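Visitor: The structure's right below; bear with me while I get my questions together.
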Amino acid sequence: MASMTVYFDGLCPVCRREVALYQRLVRADRVAWRDLAGDPHALAGESFDTATALELLHVRDREGRLHIGLPAHLVMWDELPVLKWLAALLRRYPRLRRAFERRYLAFTARRPGLRRRTSGSGHA
């Protein structure tokens, strides 16, 4: 069984590239990758819906806890040897973490694919 599950926006080209990089960096049995745009059953059994999941990255850790937004990234980065240091750095320095989170929230509000989805011409 995977140690965690990552729910990502497969309509976002930046998100797809980021996930593709992460998939090359981590063993396949460590993470279950769920493309919200490409898999209509990606959220089966979850307590949140697609619209909520598309707002920010959602990650369910190995203990079953749900992490959303930058905390989800930190949990995911803990599994990636080349990014584990970044997760530790952001946890150690709250001001840096807040700055990182502001940039993340600004990006997610305008990320590619979001406009197509909200205009009704993309996937739900």
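Residues are referred to by chain and number: the chain letter is A, B, ... according to the order shown in the structure tokens, the number counts from 1 in that chain, and ligands are numbered separately from 1 in the order shown.
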Give me every helix (DSSP H, G or I) residue in chain A, going by DSSP on the backbone, as a VMD selection string.
Guide: chain A and resid 13 to 25 28 to 30 50 to 55 70 to 78 84 to 92 94 to 110 114 to 118
Visitor: Find the nearest atom pair between each residue of stretch 25-81 of chain A and stretch 1-10 of chain A for residues within 9 Å, count only C-alpha atoms, give distances in Å to one decimal, sort rows by chain and ascending number, and present the table as a tab-separated table.
Guide:
residue	atom	partner	partner_atom	distance
A:Ala28	CA	A:Ala2	CA	8.0
A:Asp29	CA	A:Ala2	CA	5.1
A:Arg30	CA	A:Ala2	CA	4.7
A:Val31	CA	A:Ala2	CA	5.0
A:Ala32	CA	A:Thr5	CA	4.6
A:Trp33	CA	A:Val6	CA	5.1
A:Arg34	CA	A:Tyr7	CA	4.7
A:Asp35	CA	A:Gly10	CA	5.2
A:Leu36	CA	A:Asp9	CA	5.5
A:Ala37	CA	A:Gly10	CA	5.1
A:Gly38	CA	A:Gly10	CA	6.5
A:Ala42	CA	A:Tyr7	CA	7.7
A:Leu43	CA	A:Tyr7	CA	8.3
A:Ala53	CA	A:Tyr7	CA	7.1
A:Leu54	CA	A:Asp9	CA	6.2
A:Leu56	CA	A:Phe8	CA	8.5
A:Leu57	CA	A:Phe8	CA	6.0
A:His58	CA	A:Tyr7	CA	5.4
A:Val59	CA	A:Val6	CA	4.6
A:Arg60	CA	A:Thr5	CA	5.1
A:Asp61	CA	A:Met4	CA	4.4
A:Arg62	CA	A:Ser3	CA	4.5
A:Glu63	CA	A:Ser3	CA	8.3
A:Gly64	CA	A:Met4	CA	7.9
A:Ala72	CA	A:Val6	CA	8.4
A:Val75	CA	A:Met4	CA	8.8
A:Met76	CA	A:Val6	CA	7.8
A:Glu79	CA	A:Ser3	CA	8.9
Visitor: For the residues selected in the previous step, produce a file with C-alpha atoms as an mmCIF file, in the first residue's frame.
Guide:
data_model
loop_
_atom_site.group_PDB
_atom_site.id
_atom_site.type_symbol
_atom_site.label_atom_id
_atom_site.label_comp_id
_atom_site.auth_asym_id
_atom_site.auth_seq_id
_atom_site.Cartn_x
_atom_site.Cartn_y
_atom_site.Cartn_z
ATOM 1 C CA ALA A 28 5.958 4.005 -7.127
ATOM 2 C CA ASP A 29 4.825 2.175 -3.977
ATOM 3 C CA ARG A 30 5.371 5.238 -1.770
ATOM 4 C CA VAL A 31 2.698 7.492 -3.321
ATOM 5 C CA ALA A 32 -0.692 6.975 -4.949
ATOM 6 C CA TRP A 33 -1.165 9.776 -7.502
ATOM 7 C CA ARG A 34 -4.801 10.759 -8.158
ATOM 8 C CA ASP A 35 -5.462 12.990 -11.176
ATOM 9 C CA LEU A 36 -8.697 14.842 -10.430
ATOM 10 C CA ALA A 37 -9.183 15.782 -14.088
ATOM 11 C CA GLY A 38 -8.449 12.363 -15.566
ATOM 12 C CA ALA A 42 -10.198 9.714 -7.794
ATOM 13 C CA LEU A 43 -12.110 10.846 -4.705
ATOM 14 C CA ALA A 53 -9.815 19.345 -3.933
ATOM 15 C CA LEU A 54 -9.108 21.557 -6.942
ATOM 16 C CA LEU A 56 -5.485 23.565 -3.190
ATOM 17 C CA LEU A 57 -3.308 20.460 -3.199
ATOM 18 C CA HIS A 58 -4.694 17.690 -0.970
ATOM 19 C CA VAL A 59 -2.504 14.918 0.451
ATOM 20 C CA ARG A 60 -3.570 12.079 2.723
ATOM 21 C CA ASP A 61 -0.563 10.865 4.719
ATOM 22 C CA ARG A 62 0.223 7.275 5.721
ATOM 23 C CA GLU A 63 -1.717 7.672 8.989
ATOM 24 C CA GLY A 64 -4.785 8.813 7.052
ATOM 25 C CA ALA A 72 0.259 19.038 1.841
ATOM 26 C CA VAL A 75 4.185 16.085 3.653
ATOM 27 C CA MET A 76 4.780 15.164 0.008
ATOM 28 C CA GLU A 79 8.968 11.537 0.740
#
Visitor: Going by DSSP on the backbone, which residues of chain A come out as strand (DSSP E or B)? List them as a list in words.
Guide: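 In chain A, DSSP puts these residues in strand (DSSP E or B): Met4, Thr5, Val6, Tyr7, Phe8, Val31, Ala32, Trp33, Arg34, Asp35, His58, Val59, Arg60, Leu66, His67 and Ile68 of chain A.
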Visitor: May I have the selected residues written with N, CA and C atoms, as a PDB file, in the first residue's frame?
Guide:
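So the final result, stored in again_14.pdb, reads:
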ATOM      1  N   MET A   4       1.178   7.430   1.036  1.00  0.00           N
ATOM      2  CA  MET A   4       0.302   8.598   1.022  1.00  0.00           C
ATOM      3  C   MET A   4      -0.395   8.675  -0.328  1.00  0.00           C
ATOM      4  N   THR A   5      -1.443   9.514  -0.373  1.00  0.00           N
ATOM      5  CA  THR A   5      -2.187   9.739  -1.606  1.00  0.00           C
ATOM      6  C   THR A   5      -2.149  11.218  -1.908  1.00  0.00           C
ATOM      7  N   VAL A   6      -1.797  11.561  -3.153  1.00  0.00           N
ATOM      8  CA  VAL A   6      -1.724  12.946  -3.604  1.00  0.00           C
ATOM      9  C   VAL A   6      -2.809  13.172  -4.641  1.00  0.00           C
ATOM     10  N   TYR A   7      -3.667  14.167  -4.399  1.00  0.00           N
ATOM     11  CA  TYR A   7      -4.732  14.546  -5.320  1.00  0.00           C
ATOM     12  C   TYR A   7      -4.289  15.821  -6.031  1.00  0.00           C
ATOM     13  N   PHE A   8      -4.187  15.759  -7.357  1.00  0.00           N
ATOM     14  CA  PHE A   8      -3.668  16.920  -8.090  1.00  0.00           C
ATOM     15  C   PHE A   8      -4.544  17.254  -9.282  1.00  0.00           C
ATOM     16  N   VAL A  31       3.718   6.462  -3.100  1.00  0.00           N
ATOM     17  CA  VAL A  31       2.698   7.492  -3.321  1.00  0.00           C
ATOM     18  C   VAL A  31       1.664   6.990  -4.322  1.00  0.00           C
ATOM     19  N   ALA A  32       0.396   7.216  -4.001  1.00  0.00           N
ATOM     20  CA  ALA A  32      -0.692   6.975  -4.949  1.00  0.00           C
ATOM     21  C   ALA A  32      -1.063   8.338  -5.534  1.00  0.00           C
ATOM     22  N   TRP A  33      -0.902   8.505  -6.818  1.00  0.00           N
ATOM     23  CA  TRP A  33      -1.165   9.776  -7.502  1.00  0.00           C
ATOM     24  C   TRP A  33      -2.581   9.751  -8.068  1.00  0.00           C
ATOM     25  N   ARG A  34      -3.407  10.715  -7.704  1.00  0.00           N
ATOM     26  CA  ARG A  34      -4.801  10.759  -8.158  1.00  0.00           C
ATOM     27  C   ARG A  34      -5.028  12.044  -8.959  1.00  0.00           C
ATOM     28  N   ASP A  35      -5.203  11.871 -10.264  1.00  0.00           N
ATOM     29  CA  ASP A  35      -5.462  12.990 -11.176  1.00  0.00           C
ATOM     30  C   ASP A  35      -6.949  13.312 -11.128  1.00  0.00           C
ATOM     31  N   HIS A  58      -4.265  18.526  -2.091  1.00  0.00           N
ATOM     32  CA  HIS A  58      -4.694  17.690  -0.970  1.00  0.00           C
ATOM     33  C   HIS A  58      -3.812  16.454  -0.933  1.00  0.00           C
ATOM     34  N   VAL A  59      -3.327  16.111   0.259  1.00  0.00           N
ATOM     35  CA  VAL A  59      -2.504  14.918   0.451  1.00  0.00           C
ATOM     36  C   VAL A  59      -2.996  14.201   1.701  1.00  0.00           C
ATOM     37  N   ARG A  60      -3.235  12.903   1.565  1.00  0.00           N
ATOM     38  CA  ARG A  60      -3.570  12.079   2.723  1.00  0.00           C
ATOM     39  C   ARG A  60      -2.313  11.306   3.085  1.00  0.00           C
ATOM     40  N   LEU A  66      -5.453  14.205   6.599  1.00  0.00           N
ATOM     41  CA  LEU A  66      -5.544  15.019   5.391  1.00  0.00           C
ATOM     42  C   LEU A  66      -4.783  16.324   5.586  1.00  0.00           C
ATOM     43  N   HIS A  67      -3.960  16.682   4.608  1.00  0.00           N
ATOM     44  CA  HIS A  67      -3.200  17.932   4.609  1.00  0.00           C
ATOM     45  C   HIS A  67      -3.585  18.701   3.354  1.00  0.00           C
ATOM     46  N   ILE A  68      -3.753  20.017   3.500  1.00  0.00           N
ATOM     47  CA  ILE A  68      -4.231  20.847   2.393  1.00  0.00           C
ATOM     48  C   ILE A  68      -3.307  22.043   2.211  1.00  0.00           C
TER      49      ILE A  68
END
Visitor: So the first atom is atom CA of A:Leu80 and the second is atom CA of A:Leu25; what is the distance between them in Å, to one decimal place?
Guide: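 Distance reported for this atom pair: 6.3 Å.
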Visitor: Work out how far apart atom CA of A:Arg17 and atom CA of A:Arg110 are and give it in Å to one decimal.
Guide: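 One can read the atom CA of A:Arg17 to atom CA of A:Arg110 distance as 16.6 Å.
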Visitor: So what do you get for atom CA of A:Phe107 versus atom CA of A:Pro71, distance-wise?
Guide: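 Value for the atom CA of A:Phe107-atom CA of A:Pro71 distance: 15.5 Å.
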